Amino acid sequence: MIGAKNSSENLLPRRAIVLGAGVVGVATAYALARRGVQVTIIDRADIAGSGASFANGAQLSYIYTDALASSALLKQLPMLALGRDSAFRLRPSLDPGQIAWLMRFIRNCTRQRYLENSLEGLQLGLESQLAMRALLENHNIEFGHQSPGKMLVYDDAAAFKSACEMVSVRQSHGATQEILTPKEAIHKEAALAERAGSFVGAVYSPQEELGDPHKFCNALLSQLVTGYGVQVRMATDVQSWKADKDMTVVLTKAGEAIACDQLVICAGMDAATLLKKHGLGSSLMPMKGYSFTAAPGPASPKMSITDISRKTVLCPLDGAIRVAGIAELGARSTKIDPHQLASLVSTAAGVLPLAADYAGSYQSWAGIRPMTANALPIIRKVAPRVTINIGHGMLGWTYAMGSAERAARLMGEV
């Protein structure tokens, strides 16, 4: 019918609450607000983006979205459980939820599932890139955004061979990547000339971007408040929620009841508690990561660099260098272990000794990322008026905009 509105737009809620003011929550609020929904954001922190979004690796890794579960990692699980890898550790537990998660993780370690999960991640990454571009075309959001590309450096010949095979797969699905010799890699990124030790090759992804996720959260939140009338409730701790066919009510620990037409849960690891009654309590596994941000050195990189064997990221960010690494699967405390932090600093200095002022002062951080067994976020309805957008793991910053669009579209479906 000429002039008829899209049916999904007619079904969007008039009022929605978004739980979580990290990159995923704020992006989801934007996806709804720009569709005309009255949005309220609720978060227990005092400042938006204070959790896993605060100081992560800063990479918008739209192309390199490979799943964590793989046949190669499966072989390493005993070593990881024994703590023999300083960069990646598994903290075993007799908790039934963790055991259930690990069993699902192991089932995803086949080559076929690895390929399927990685390519599904690539599709979401490309959707996120388009959504980010659309946002920045409409709003001047300042968060140190750059598009310098990304270099993945390989020491191990077998790992590099596998990486080259995945390049061909990604290229057939719309990605742009280049396989480089060490000489070619150094020509593109001069900082690699100062690398301690030789390497066998590199993969360059010119489509990759970067930006400060904490600045993004607060800049976009400001735009949402002033431009879209979004209400923000920081320092508000949610106890539970309940929903029926007519409305959803969020109950705070202070005893307040806040009603809405629909609820979207984007609460990181906190979602596990909020969704326990819906069989999703064991769907997320905490993954602790570390970072530090230091002044640039005399040979700092112009693009983001990932050292594959050392599992370390070095990223130029707003005149500084953000270094991220270490993965502790099953760790739940955000307390900084000084030995782990010192290990990350030492590792980064061993990779690119002139990239940063490692001896100077720096800002350190540790955060918890919510991992799913297949490394893909869960975006679905758990009740007619309740949608979840959770489990983005180590790619929350990358997937935020795309998963937000998916969640908003889902809320407008029958």
# chains A, B, ... in the order shown; residues from 1 in each chain; ligands from 1
>>> residues_around(residues="Met394 of chain A", least_positions_apart="6", cutoff="10 Å", atoms="only C-alpha atoms", output="VMD selection string")
chain A and resid 52 56 to 57 65 68 287 to 289 327 368 to 371 375
>>> closest_atom_pairs(of="segment 229-326 of chain A", to="segment 194-213 of chain A", cutoff="8 Å", atoms="only C-alpha atoms", output="JSON lines")
{"residue": "A:Ala299", "atom": "CA", "partner": "A:Glu194", "partner_atom": "CA", "distance": 7.4}
{"residue": "A:Ser304", "atom": "CA", "partner": "A:Leu210", "partner_atom": "CA", "distance": 7.8}
{"residue": "A:Cys315", "atom": "CA", "partner": "A:Leu210", "partner_atom": "CA", "distance": 7.9}
{"residue": "A:Leu317", "atom": "CA", "partner": "A:Gly211", "partner_atom": "CA", "distance": 6.8}
>>> select_by_dssp(residues="segment 73-273 of chain A", states="helix (DSSP H, G or I)", output="ChimeraX atom specification")
/A:73-81,96-107,111-138,157-171,182-188,190-194,213-228,270-273
>>> closest_atom_pairs(of="segment 321-401 of chain A", to="segment 121-131 of chain A", cutoff="8 Å", atoms="only C-alpha atoms", output="CSV")
residue,atom,partner,partner_atom,distance
A:Leu376,CA,A:Gly121,CA,6.5
A:Thr398,CA,A:Gly125,CA,6.4
A:Tyr399,CA,A:Gly125,CA,5.8
A:Ala400,CA,A:Ser128,CA,6.8
A:Met401,CA,A:Ser128,CA,4.8
>>> atom_distance(atom1="atom CA of Leu395 of chain A", atom2="atom CA of Pro377 of chain A")
9.2 Å
>>> decode(residues="segment 48-92 of chain A", atoms="N, CA and C atoms", output="compact mmCIF listing (two decimals), in the first residue's frame")
# COMPACT_ATOMS: atom_id res chain seq x y z
N ALA A 48 29.58 6.50 32.62
CA ALA A 48 29.39 5.54 31.53
C ALA A 48 30.72 4.98 31.05
N GLY A 49 30.69 3.74 30.59
CA GLY A 49 31.88 3.11 30.05
C GLY A 49 32.94 2.82 31.08
N SER A 50 32.54 2.54 32.32
CA SER A 50 33.50 2.32 33.40
C SER A 50 33.90 0.85 33.58
N GLY A 51 33.24 -0.06 32.86
CA GLY A 51 33.54 -1.47 33.00
C GLY A 51 34.50 -1.96 31.93
N ALA A 52 34.08 -2.98 31.18
CA ALA A 52 34.94 -3.55 30.14
C ALA A 52 35.25 -2.56 29.03
N SER A 53 34.46 -1.47 28.94
CA SER A 53 34.67 -0.46 27.89
C SER A 53 35.71 0.59 28.28
N PHE A 54 36.19 0.57 29.50
CA PHE A 54 36.99 1.70 29.98
C PHE A 54 38.34 1.84 29.29
N ALA A 55 39.13 0.79 29.27
CA ALA A 55 40.49 0.91 28.71
C ALA A 55 40.92 -0.38 28.03
N ASN A 56 40.05 -0.92 27.18
CA ASN A 56 40.42 -2.14 26.46
C ASN A 56 41.40 -1.81 25.33
N GLY A 57 41.63 -2.77 24.46
CA GLY A 57 42.67 -2.61 23.44
C GLY A 57 42.44 -1.51 22.43
N ALA A 58 41.23 -0.94 22.39
CA ALA A 58 40.88 0.23 21.55
C ALA A 58 40.75 -0.09 20.07
N GLN A 59 40.96 -1.34 19.68
CA GLN A 59 40.88 -1.69 18.27
C GLN A 59 39.43 -1.92 17.83
N LEU A 60 39.05 -1.32 16.73
CA LEU A 60 37.81 -1.65 16.06
C LEU A 60 38.18 -2.67 15.00
N SER A 61 38.22 -3.93 15.44
CA SER A 61 38.78 -5.01 14.64
C SER A 61 37.68 -5.67 13.81
N TYR A 62 37.19 -4.95 12.82
CA TYR A 62 36.04 -5.41 12.05
C TYR A 62 36.33 -6.65 11.21
N ILE A 63 37.58 -6.85 10.84
CA ILE A 63 37.94 -7.95 9.94
C ILE A 63 38.50 -9.16 10.70
N TYR A 64 39.34 -8.90 11.67
CA TYR A 64 39.94 -10.01 12.41
C TYR A 64 39.03 -10.36 13.58
N THR A 65 38.05 -11.21 13.31
CA THR A 65 37.04 -11.58 14.30
C THR A 65 37.05 -13.08 14.56
N ASP A 66 38.22 -13.70 14.49
CA ASP A 66 38.31 -15.15 14.63
C ASP A 66 37.83 -15.62 16.00
N ALA A 67 37.11 -16.72 16.01
CA ALA A 67 36.59 -17.28 17.25
C ALA A 67 37.72 -17.77 18.13
N LEU A 68 37.49 -17.73 19.45
CA LEU A 68 38.50 -18.23 20.39
C LEU A 68 38.60 -19.74 20.34
N ALA A 69 37.46 -20.43 20.29
CA ALA A 69 37.44 -21.89 20.27
C ALA A 69 37.95 -22.41 18.93
N SER A 70 38.98 -23.22 18.97
CA SER A 70 39.55 -23.80 17.75
C SER A 70 40.23 -25.10 18.10
N SER A 71 40.54 -25.91 17.08
CA SER A 71 41.23 -27.18 17.32
C SER A 71 42.63 -26.94 17.89
N ALA A 72 43.27 -25.84 17.47
CA ALA A 72 44.61 -25.53 17.98
C ALA A 72 44.56 -25.19 19.47
N LEU A 73 43.54 -24.42 19.88
CA LEU A 73 43.44 -24.06 21.29
C LEU A 73 43.04 -25.26 22.14
N LEU A 74 42.24 -26.15 21.58
CA LEU A 74 41.82 -27.35 22.32
C LEU A 74 43.04 -28.14 22.79
N LYS A 75 44.05 -28.23 21.94
CA LYS A 75 45.26 -28.97 22.29
C LYS A 75 46.02 -28.28 23.43
N GLN A 76 45.81 -26.98 23.58
CA GLN A 76 46.55 -26.23 24.60
C GLN A 76 45.84 -26.16 25.95
N LEU A 77 44.59 -26.63 26.03
CA LEU A 77 43.81 -26.47 27.25
C LEU A 77 44.49 -27.02 28.50
N PRO A 78 45.10 -28.22 28.46
CA PRO A 78 45.79 -28.71 29.66
C PRO A 78 46.90 -27.77 30.11
N MET A 79 47.66 -27.25 29.15
CA MET A 79 48.75 -26.32 29.48
C MET A 79 48.20 -25.02 30.07
N LEU A 80 47.08 -24.54 29.51
CA LEU A 80 46.48 -23.31 30.01
C LEU A 80 45.95 -23.50 31.43
N ALA A 81 45.36 -24.67 31.69
CA ALA A 81 44.83 -24.95 33.02
C ALA A 81 45.93 -25.03 34.06
N LEU A 82 47.13 -25.44 33.63
CA LEU A 82 48.27 -25.54 34.53
C LEU A 82 49.02 -24.22 34.66
N GLY A 83 48.57 -23.19 33.94
CA GLY A 83 49.19 -21.87 34.04
C GLY A 83 50.54 -21.75 33.37
N ARG A 84 50.77 -22.55 32.34
CA ARG A 84 52.08 -22.54 31.69
C ARG A 84 52.19 -21.54 30.55
N ASP A 85 51.12 -20.82 30.28
CA ASP A 85 51.16 -19.75 29.29
C ASP A 85 50.92 -18.45 30.04
N SER A 86 51.91 -17.57 30.06
CA SER A 86 51.80 -16.33 30.84
C SER A 86 50.77 -15.36 30.27
N ALA A 87 50.45 -15.50 28.97
CA ALA A 87 49.54 -14.56 28.32
C ALA A 87 48.09 -15.02 28.33
N PHE A 88 47.86 -16.33 28.50
CA PHE A 88 46.50 -16.86 28.46
C PHE A 88 46.38 -17.98 29.49
N ARG A 89 45.49 -17.78 30.45
CA ARG A 89 45.33 -18.77 31.51
C ARG A 89 43.86 -19.15 31.67
N LEU A 90 43.68 -20.40 32.02
CA LEU A 90 42.35 -20.91 32.33
C LEU A 90 42.31 -21.21 33.82
N ARG A 91 41.35 -20.60 34.51
CA ARG A 91 41.21 -20.85 35.94
C ARG A 91 40.13 -21.90 36.16
N PRO A 92 40.52 -23.17 36.29
CA PRO A 92 39.53 -24.25 36.43
C PRO A 92 38.76 -24.14 37.73
